[in-house]
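Novice: The structure file entry-v1.csv (CSV, C-alpha atoms) is provided below.
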chain,number,residue,atom,x,y,z
Y,1,MET,CA,44.3,17.7,-52.0
Y,2,ALA,CA,40.7,17.8,-52.8
Y,3,ASP,CA,40.2,19.9,-49.7
Y,4,GLU,CA,42.9,22.3,-50.8
Y,5,GLN,CA,41.2,22.6,-54.2
Y,6,ALA,CA,37.9,23.4,-52.4
Y,7,THR,CA,39.5,26.0,-50.2
Y,8,GLU,CA,41.1,27.7,-53.2
Y,9,ASP,CA,37.8,27.6,-55.0
Y,10,LEU,CA,36.0,29.2,-52.1
Y,11,ASN,CA,38.6,32.0,-51.9
Y,12,LEU,CA,38.1,32.7,-55.5
Y,13,VAL,CA,34.4,32.6,-55.2
Y,14,ARG,CA,34.4,35.1,-52.4
Y,15,ARG,CA,36.7,37.4,-54.3
Y,16,ILE,CA,34.5,37.2,-57.4
Y,17,LYS,CA,31.4,37.9,-55.3
Y,18,ALA,CA,33.3,41.0,-54.0
Y,19,GLY,CA,33.7,42.2,-57.6
Y,20,ASP,CA,37.3,41.1,-58.2
Y,21,ASP,CA,37.5,40.5,-62.0
Y,22,GLY,CA,41.0,39.2,-61.6
Y,23,ALA,CA,39.6,36.4,-59.5
Y,24,PHE,CA,37.1,35.6,-62.2
Y,25,GLU,CA,39.9,35.4,-64.8
Y,26,GLU,CA,41.7,33.0,-62.5
Y,27,MET,CA,38.7,30.8,-62.3
Y,28,VAL,CA,38.5,30.7,-66.1
Y,29,ARG,CA,42.1,29.7,-66.3
Y,30,ARG,CA,41.6,27.1,-63.6
Y,31,TYR,CA,38.6,25.4,-65.1
Y,32,HIS,CA,38.1,26.1,-68.7
Y,33,ALA,CA,39.8,22.9,-69.8
Y,34,ARG,CA,37.6,20.7,-67.6
Y,35,ILE,CA,34.4,22.6,-68.6
Y,36,TYR,CA,35.4,22.3,-72.3
Y,37,SER,CA,36.0,18.6,-71.9
Y,38,LEU,CA,32.6,18.1,-70.3
Y,39,SER,CA,30.9,20.2,-72.9
Y,40,TYR,CA,32.6,18.3,-75.7
Y,41,GLY,CA,31.3,15.1,-74.2
Y,42,VAL,CA,27.7,16.2,-74.4
Y,43,LEU,CA,28.0,18.0,-77.8
Y,44,ARG,CA,30.6,16.1,-79.7
Y,45,ASN,CA,31.6,19.1,-81.7
Y,46,VAL,CA,34.4,21.6,-81.1
Y,47,GLU,CA,32.5,24.7,-82.0
Y,48,ASP,CA,29.5,23.9,-79.9
Y,49,ALA,CA,31.7,22.8,-77.0
Y,50,GLU,CA,33.5,26.2,-77.1
Y,51,GLU,CA,30.3,28.1,-77.1
Y,52,SER,CA,28.9,26.0,-74.3
Y,53,THR,CA,32.0,26.7,-72.3
Y,54,GLN,CA,31.5,30.4,-72.8
Y,55,ASP,CA,27.8,30.0,-71.7
Y,56,ALA,CA,28.9,28.2,-68.6
Y,57,PHE,CA,31.3,30.9,-67.5
Y,58,TRP,CA,28.8,33.6,-68.4
Y,59,THR,CA,26.3,31.9,-66.1
Y,60,LEU,CA,28.9,31.5,-63.4
Y,61,TYR,CA,29.6,35.3,-63.7
Y,62,ARG,CA,25.9,36.2,-63.3
Y,63,LYS,CA,24.8,33.5,-60.8
Y,64,ILE,CA,27.8,33.3,-58.5
Y,65,GLY,CA,25.8,35.3,-55.9
Y,66,THR,CA,23.4,32.4,-55.6
Y,67,PHE,CA,26.1,29.8,-54.9
Y,68,ASP,CA,25.7,28.3,-51.4
Y,69,GLU,CA,29.1,28.4,-49.8
Y,70,SER,CA,28.4,25.3,-47.7
Y,71,LYS,CA,28.5,23.3,-50.9
Y,72,LYS,CA,31.4,22.3,-53.0
Y,73,PHE,CA,32.0,24.9,-55.7
Y,74,PHE,CA,33.1,22.7,-58.5
Y,75,SER,CA,30.1,20.4,-58.1
Y,76,TRP,CA,27.8,23.4,-58.4
Y,77,PHE,CA,29.7,24.7,-61.4
Y,78,TYR,CA,29.9,21.4,-63.1
Y,79,ARG,CA,26.1,21.2,-63.0
Y,80,VAL,CA,25.9,24.7,-64.4
Y,81,ALA,CA,28.1,23.6,-67.3
Y,82,LEU,CA,26.1,20.4,-67.8
Y,83,ASN,CA,22.9,22.4,-68.0
Y,84,ALA,CA,24.5,24.8,-70.5
Y,85,ALA,CA,25.6,21.9,-72.7
Y,86,TYR,CA,22.3,20.1,-72.6
Y,87,SER,CA,20.3,23.2,-73.4
Y,88,ARG,CA,22.5,23.7,-76.4
Y,89,ALA,CA,22.1,20.0,-77.3
Y,90,ARG,CA,18.3,20.4,-77.1
Y,91,ARG,CA,18.4,23.0,-79.9
Y,92,ARG,CA,19.5,20.3,-82.3
Y,93,PRO,CA,17.1,17.9,-84.0
Y,94,SER,CA,15.9,15.7,-81.2
Y,95,LEU,CA,17.1,12.2,-80.8
Y,96,PRO,CA,14.7,9.3,-80.5
Y,97,THR,CA,14.0,8.4,-76.9
Y,98,VAL,CA,15.1,5.0,-75.9
Y,99,SER,CA,14.0,2.4,-73.5
Y,100,ILE,CA,16.9,1.2,-71.3
Y,101,GLU,CA,14.8,-1.8,-70.3
Y,102,ASP,CA,14.8,-3.1,-73.9
Y,103,ARG,CA,18.5,-3.2,-74.0
Y,104,MET,CA,19.2,-5.0,-70.7
Y,105,PRO,CA,20.6,-8.5,-70.9
Y,106,ARG,CA,17.9,-11.2,-71.0
Y,107,PHE,CA,17.9,-14.3,-68.8
Y,108,ALA,CA,15.8,-17.5,-68.7
Y,109,GLN,CA,13.8,-18.5,-65.7
Y,110,ASP,CA,16.7,-20.5,-64.3
Y,111,GLY,CA,18.9,-17.4,-64.3
Y,112,HIS,CA,21.1,-18.4,-67.3
Y,113,PHE,CA,21.5,-16.2,-70.4
Y,114,ALA,CA,18.5,-16.5,-72.7
Y,115,ALA,CA,20.6,-16.3,-75.8
Y,116,ASP,CA,24.2,-16.5,-77.0
Y,117,VAL,CA,26.5,-13.7,-75.8
Y,118,PRO,CA,28.9,-12.9,-78.7
Y,119,ASP,CA,32.3,-11.6,-77.9
Y,120,TRP,CA,32.8,-8.6,-80.1
Y,121,SER,CA,35.8,-7.2,-78.2
Y,122,VAL,CA,38.1,-8.1,-81.1
Y,123,ALA,CA,36.4,-5.1,-82.8
Y,124,ILE,CA,38.4,-2.7,-80.7
Y,125,GLU,CA,41.8,-4.2,-81.2
Y,126,ASP,CA,42.3,-2.2,-84.3
Y,127,GLU,CA,42.9,1.5,-83.5
Y,128,ALA,CA,40.9,3.0,-86.3
Y,129,ALA,CA,37.9,0.7,-85.7
Y,130,ALA,CA,38.1,1.4,-82.0
Y,131,ARG,CA,37.9,5.1,-82.6
Y,132,GLU,CA,34.9,4.6,-84.8
Y,133,LEU,CA,33.3,2.5,-82.1
Y,134,ALA,CA,34.1,5.2,-79.5
Y,135,SER,CA,32.3,7.7,-81.6
Y,136,ARG,CA,29.3,5.5,-81.8
Y,137,ALA,CA,29.5,5.0,-78.0
Y,138,GLY,CA,29.3,8.8,-77.7
Y,139,GLU,CA,26.0,8.7,-79.6
Y,140,PHE,CA,24.7,5.9,-77.5
Y,141,ILE,CA,25.4,7.8,-74.3
Y,142,ALA,CA,23.6,10.8,-75.8
Y,143,GLU,CA,20.5,8.6,-76.2
Y,144,LEU,CA,20.2,7.9,-72.5
Y,145,PRO,CA,17.9,9.7,-70.1
Y,146,PRO,CA,20.0,12.4,-68.4
Y,147,ALA,CA,20.2,10.6,-65.1
Y,148,TYR,CA,22.1,7.8,-66.8
Y,149,ARG,CA,23.9,9.9,-69.3
Y,150,ASP,CA,25.5,12.1,-66.6
Y,151,VAL,CA,26.9,9.3,-64.5
Y,152,ILE,CA,28.4,7.3,-67.3
Y,153,TRP,CA,29.9,10.3,-68.9
Y,154,MET,CA,31.4,11.7,-65.7
Y,155,TYR,CA,32.7,8.4,-64.5
Y,156,ASP,CA,33.7,6.3,-67.5
Y,157,VAL,CA,34.7,9.1,-69.8
Y,158,GLU,CA,35.9,11.9,-67.6
Y,159,GLU,CA,37.1,9.6,-64.8
Y,160,ILE,CA,35.7,11.8,-62.0
Y,161,PRO,CA,35.8,10.1,-58.6
Y,162,SER,CA,32.4,8.5,-57.7
Y,163,SER,CA,32.1,10.5,-54.5
Y,164,ASP,CA,32.4,13.8,-56.4
Y,165,ILE,CA,29.8,12.6,-58.9
Y,166,ALA,CA,27.3,11.6,-56.2
Y,167,ASP,CA,27.9,15.0,-54.6
Y,168,THR,CA,27.4,16.9,-57.9
Y,169,LEU,CA,24.2,15.0,-58.8
Y,170,GLU,CA,23.0,14.9,-55.2
Y,171,ILE,CA,22.5,11.2,-55.2
Y,172,SER,CA,23.7,8.4,-52.9
Y,173,ILE,CA,26.6,6.1,-53.8
Y,174,PRO,CA,24.3,3.1,-54.3
Y,175,ALA,CA,22.1,5.1,-56.6
Y,176,PHE,CA,25.2,6.2,-58.5
Y,177,LYS,CA,26.4,2.7,-58.9
Y,178,SER,CA,23.0,1.4,-60.0
Y,179,ARG,CA,22.7,4.1,-62.7
Y,180,LEU,CA,26.3,3.6,-63.8
Y,181,HIS,CA,25.8,-0.1,-64.2
Y,182,ARG,CA,22.6,0.2,-66.1
Y,183,ALA,CA,24.1,2.9,-68.4
Y,184,ARG,CA,27.1,0.6,-69.1
Y,185,LEU,CA,24.8,-2.4,-69.8
Y,186,TYR,CA,22.9,-0.2,-72.3
Y,187,VAL,CA,26.0,1.1,-74.1
Y,188,ARG,CA,27.5,-2.4,-74.1
Y,189,GLN,CA,24.4,-3.8,-75.8
Y,190,ARG,CA,24.3,-0.9,-78.3
Y,191,LEU,CA,28.0,-1.5,-79.1
Y,192,ALA,CA,27.2,-5.2,-79.5
Y,193,GLU,CA,24.5,-4.4,-82.0
Y,194,VAL,CA,26.9,-2.5,-84.3
Y,195,SER,CA,29.9,-4.7,-83.9
Y,196,SER,CA,30.6,-7.8,-85.8
Y,197,PRO,CA,31.5,-10.7,-83.4
Y,198,ARG,CA,33.6,-12.2,-86.2
Y,199,PRO,CA,37.0,-11.0,-87.3
Y,200,ALA,CA,37.2,-8.6,-90.2
Y,201,ALA,CA,36.7,-11.2,-92.9
Y,202,GLU,CA,33.0,-10.7,-93.0
Y,203,ALA,CA,33.1,-6.9,-92.5
Y,204,ALA,CA,31.9,-4.8,-95.4
Y,205,GLY,CA,34.5,-3.4,-97.8
H,1,MET,CA,27.4,-26.7,-53.7
H,2,SER,CA,26.8,-23.7,-51.5
H,3,HIS,CA,23.4,-22.1,-51.3
H,4,ASP,CA,24.6,-18.7,-52.2
H,5,GLU,CA,26.0,-19.6,-55.5
H,6,LYS,CA,25.0,-16.9,-57.9
H,7,THR,CA,23.1,-17.4,-61.1
H,8,CYS,CA,24.3,-15.7,-64.3
H,9,LYS,CA,21.5,-13.2,-63.9
H,10,GLN,CA,22.5,-12.2,-60.3
H,11,LEU,CA,26.2,-12.1,-61.3
H,12,ILE,CA,25.6,-9.8,-64.3
H,13,LEU,CA,22.9,-7.6,-62.9
H,14,ASP,CA,23.9,-7.3,-59.2
H,15,CYS,CA,27.6,-8.1,-58.9
H,16,LEU,CA,29.4,-7.1,-62.0
H,17,LEU,CA,30.0,-3.5,-61.2
H,18,GLU,CA,31.6,-4.2,-57.9
H,19,PHE,CA,33.5,-7.2,-59.3
H,20,GLU,CA,35.1,-4.7,-61.6
H,21,ASP,CA,35.6,-1.6,-59.4
H,22,GLY,CA,37.7,-3.2,-56.8
H,23,THR,CA,35.3,-2.8,-53.9
H,24,MET,CA,34.3,-6.5,-53.7
H,25,PRO,CA,35.7,-8.6,-50.8
H,26,GLU,CA,38.5,-10.9,-52.0
H,27,ALA,CA,36.7,-14.2,-51.2
H,28,GLU,CA,33.6,-13.2,-53.1
H,29,HIS,CA,35.7,-11.9,-56.0
H,30,GLN,CA,37.4,-15.3,-56.2
H,31,GLU,CA,34.1,-17.2,-56.1
H,32,LEU,CA,32.7,-15.1,-58.9
H,33,GLN,CA,36.0,-15.4,-60.9
H,34,LYS,CA,35.4,-19.1,-60.9
H,35,HIS,CA,31.9,-18.7,-62.3
H,36,PHE,CA,33.3,-16.5,-65.1
H,37,GLU,CA,35.9,-19.1,-65.9
H,38,MET,CA,33.4,-21.9,-66.1
H,39,CYS,CA,30.7,-20.0,-67.9
H,40,PRO,CA,31.4,-18.9,-71.5
H,41,PRO,CA,28.4,-16.6,-71.8
H,42,CYS,CA,29.3,-14.8,-68.6
H,43,MET,CA,32.9,-14.6,-69.7
H,44,ASN,CA,32.0,-13.1,-73.0
H,45,PHE,CA,29.8,-10.6,-71.2
H,46,LEU,CA,32.6,-9.7,-68.9
H,47,THR,CA,35.0,-9.3,-71.8
H,48,THR,CA,32.6,-7.0,-73.7
H,49,TYR,CA,31.7,-5.1,-70.6
H,50,ARG,CA,35.4,-4.3,-70.2
H,51,ALA,CA,35.7,-3.5,-73.9
H,52,THR,CA,32.9,-1.0,-73.4
H,53,GLY,CA,34.8,0.6,-70.6
H,54,ARG,CA,38.0,0.8,-72.8
H,55,THR,CA,36.0,2.3,-75.7
H,56,LEU,CA,34.5,5.0,-73.5
H,57,LYS,CA,37.9,6.1,-72.3
H,58,MET,CA,38.7,7.0,-75.9
H,59,LEU,CA,35.9,9.6,-75.9
H,60,LYS,CA,37.7,12.1,-73.7
H,61,PRO,CA,38.9,15.0,-75.8
H,62,ARG,CA,42.6,15.3,-75.4
H,63,GLU,CA,43.0,18.6,-77.1
H,64,ILE,CA,41.7,21.9,-75.6
H,65,PRO,CA,41.4,24.6,-78.3
H,66,PRO,CA,44.3,27.0,-77.9
H,67,ALA,CA,43.4,30.4,-76.4
H,68,LEU,CA,40.1,29.1,-75.1
H,69,ALA,CA,40.5,30.9,-71.8
H,70,ASP,CA,41.1,34.1,-73.7
H,71,THR,CA,38.0,33.5,-75.8
H,72,VAL,CA,35.9,32.9,-72.7
H,73,MET,CA,37.2,36.1,-71.1
H,74,ALA,CA,36.5,38.1,-74.2
H,75,PHE,CA,33.0,36.7,-74.4
H,76,VAL,CA,32.2,37.5,-70.8
H,77,ARG,CA,33.6,41.0,-71.0
H,78,ALA,CA,31.6,41.7,-74.1
H,79,ARG,CA,28.4,40.4,-72.5
H,80,CYS,CA,28.8,42.6,-69.4
H,81,GLY,CA,29.9,45.6,-71.4
H,82,LYS,CA,33.3,45.9,-70.0
H,83,LYS,CA,36.4,47.0,-71.9
H,84,GLU,CA,39.4,44.9,-72.3
H,85,PRO,CA,41.9,45.7,-69.6
Take the structure from the file and write it as structure tokens.
Specialist:
Amino acid sequence: MADEQATEDLNLVRRIKAGDDGAFEEMVRRYHARIYSLSYGVLRNVEDAEESTQDAFWTLYRKIGTFDESKKFFSWFYRVALNAAYSRARRRPSLPTVSIEDRMPRFAQDGHFAADVPDWSVAIEDEAAARELASRAGEFIAELPPAYRDVIWMYDVEEIPSSDIADTLEISIPAFKSRLHRARLYVRQRLAEVSSPRPAAEAAG
Amino acid sequence: MSHDEKTCKQLILDCLLEFEDGTMPEAEHQELQKHFEMCPPCMNFLTTYRATGRTLKMLKPREIPPALADTVMAFVRARCGKKEP
């Protein structure tokens, strides 16, 4: 199936390169939803995501000649779209940079946890609270350095297969897994910081 | 009593991802499962690691703006100076 998609992509790419505007329109219809979804993930705003989607297809239109046909088209295009979204995100007031290391779990010399590990998972049992927390999680992902931000977004949010992500980002599967895990540990810790481990009784309001 | 029993640190930092993603051999998975069941901090960590995953799934936008494909086409046509067909 994946091969079939790649073959169809390549046919469209060749037709676009040959100046077939109908093929470009087919490409837009084929991928606009996925590119929008990706852009929304980075930008968290409908208007920005729409504009970023336009930017991505405009770049595709102009740069398709530089696409190396031995590579997977969608991986290439996904990267184009990620760059478009990040360059738009950079125009916003900048986020504080974070240290992932500071948010990794801490262990004592003997390998046990250095402190209590509260279970805050009750916080997502309520639908509205879970949505609020999801929105915070989006902000926490945005704090991450790009190498981490990309993998956690693509895998945990967009649910893209790991092999496709490794391919898109040109990294090995072990490198992918290592980044994904560290990104998850970071976001988990940030969520822990904003979640009350106790039931709603002590929550404000 | 085995020598290769994992510490909490090894479990969380080195094994948790594969424990969760289904690529871990069954025997190892069972051994680690025992650790989780007997170790409240690790179990809480696992529970909240999973809660993090479930939370992230909620971020995916479910709605694509209507007519987005048309908007994109209009944008590209305008940029390259072509007329609407």
Novice: Need to verify the contact set: Leu59 in chain H, 10 Å, only C-alpha atoms, exclusion of same-chain residues closer than 5 positions in sequence. Can you return it as a PyMOL selection string?
Specialist: (chain Y and resi 37+40-41+44+131+133-138+153+156-158) or (chain H and resi 54)
Novice: Would you list which chain H residues are within 6 Å of chain Y using all atoms listed in the file, as a list in words?
Specialist: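 Per the criterion, chain H yields Thr7, Cys8, Lys9, Pro41, Asn44, Thr48, Ala51, Thr52, Thr55, Leu56, Lys57, Leu59, Lys60, Ala69, Val72 and Val76 of chain H.
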Novice: I'd like the interatomic distance between CA of Glu8 in chain Y and CA of Phe176 in chain Y, to a tenth of an Å.
Specialist: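 Going from CA of Glu8 in chain Y over to CA of Phe176 in chain Y, I get 27.3 Å.
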Novice: Do you have the CA of Val80 in chain Y-CA of Leu60 in chain Y distance handy?
Specialist: 7.5 Å
Novice: For each of H:Leu11, H:Leu32, H:Ala27, H:Leu16, take the minimum atom-to-atom distance to Arg50 in chain H, counting all atoms listed in the file, then give the residue where this is smallest.
Specialist: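 Closest candidate: H:Leu16.
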Novice: Here is a test: counting only C-alpha atoms, which residue of Y:Ile16, Y:Asp164, Y:Val194, Y:Ser172 is nearest to Lys71 in chain Y?
Specialist: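 Comparing Y:Ile16, Y:Asp164, Y:Val194, Y:Ser172 against Lys71 in chain Y, the winner is Y:Asp164.
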Novice: Quick one: distance from CA of Val98 in chain Y to CA of Asp126 in chain Y in Å, one decimal?
Specialist: 29.4 Å
Novice: (29.9, -11.3, -65.4) in this file's frame - what residues fall within 8 Å of it? Use all atoms listed in the file and give the answer as a PyMOL selection string.
Specialist: chain H and resi 8+11-12+15-16+36+42-43+45-46
Novice: Taking into account all atoms listed in the file, which residue in the set Y:Glu170, Y:Ala85, Y:Arg179, Y:Leu43 is nearest to Ile100 in chain Y?
Specialist: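 Going through Y:Glu170, Y:Ala85, Y:Arg179, Y:Leu43 one by one, the smallest distance to Ile100 in chain Y is for Y:Arg179.
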